[in-house]
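Engineer: So that we are looking at the same thing, I have put the structure below in structure tokens.
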Amino acid sequence: MPIDAQAVRHVALLSRIELSDAELAMFTKQLGDIIAYVDQLKEVDTTGVAPMEHTPHEGENVVRDDVPHDSLPPEKALDQAPEKEDGHFRVPRVVE
């Protein structure tokens, strides 16, 4: 499945990424190479290979029992906070 600059431009638009003409050409080639590499998998003979429905190892999740307990008091939680304000953690603003 070949990929063209129009498809890369569309993905960049959906991703809200601005691409220069050089970047567009570079990503078009790189994505085309990736798709061509993945397409090679269609040529592999998988006759007699059962599809996997699980992870390839026989690992087991180890979890503890979910036991309710008392919450940490707010004063103790804020005890080590570098900055606090009105009973809350004060953190740098991340949304402008």
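Ordering of the structure tokens sets the chain letters (A, B, ...); residue numbers start at 1 within each chain; ligands are numbered from 1 in the order shown.
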For the structure I just gave you, how does DSSP split chain A - specifically, which residues are strand (DSSP E)? Reply as JSON, numbers by chain.
Structural biologist: {"A": [84, 85, 88, 89]}
Engineer: Go ahead and compute the interatomic distance for atom CA of Ile3 of chain A and atom CA of Met26 of chain A, in Å to one decimal.
Structural biologist: 12.2 Å
Engineer: Which is closest to Thr28 of chain A among A:Val91, A:Leu41, A:Ala5, A:Leu13, if we use only C-alpha atoms?
Structural biologist: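 Result for the nearest residue to Thr28 of chain A: A:Ala5.
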Engineer: Using only C-alpha atoms, which residue out of A:Lys42, A:Phe27, A:Arg90, A:Asp66 lies closest to Ala7 of chain A?
Structural biologist: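 Looking at the shortest contact to Ala7 of chain A, the residue is A:Phe27.
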Engineer: Report, in Å with one decimal, the straight-line distance from atom CA of Asp33 of chain A to atom CA of Pro56 of chain A.
Structural biologist: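 Interatomic distance here is 28.4 Å.
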Engineer: From segment 30-72 of chain A, collect each residue whose DSSP state is alpha helix (DSSP H) and return the set as an MDAnalysis selection string.
Structural biologist: chainID A and resid 30:39
Engineer: Just the number, please: distance in Å from atom CA of Arg93 of chain A to atom CA of Leu19 of chain A, one decimal.
Structural biologist: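 The value is 28.7 Å.
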Engineer: Just want the 9 Å neighbourhood of Gly87 of chain A, counted on only C-alpha atoms, with same-chain residues fewer than 5 positions away dropped. Output as a VMD selection string.
Structural biologist: chain A and resid 74 to 75 78
Engineer: Write the residues of the preceding selection, restricted to N, CA and C atoms, as a tab-separated table (two decimals), in the first residue's frame.
Structural biologist:
chain	number	residue	atom	x	y	z
A	74	PRO	N	-5.43	15.03	55.40
A	74	PRO	CA	-4.90	16.07	54.51
A	74	PRO	C	-3.65	16.76	55.07
A	75	GLU	N	-3.62	17.00	56.38
A	75	GLU	CA	-2.45	17.67	56.96
A	75	GLU	C	-1.18	16.85	56.77
A	78	LEU	N	-0.06	16.91	53.09
A	78	LEU	CA	0.55	18.19	52.71
A	78	LEU	C	1.85	18.46	53.47
Engineer: So which one's closest to Ala25 of chain A, A:Val8, A:Ala50, A:Val63, A:Val95? Using only C-alpha atoms, please.
Structural biologist: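 Among the listed residues, A:Val8 lies closest to Ala25 of chain A.
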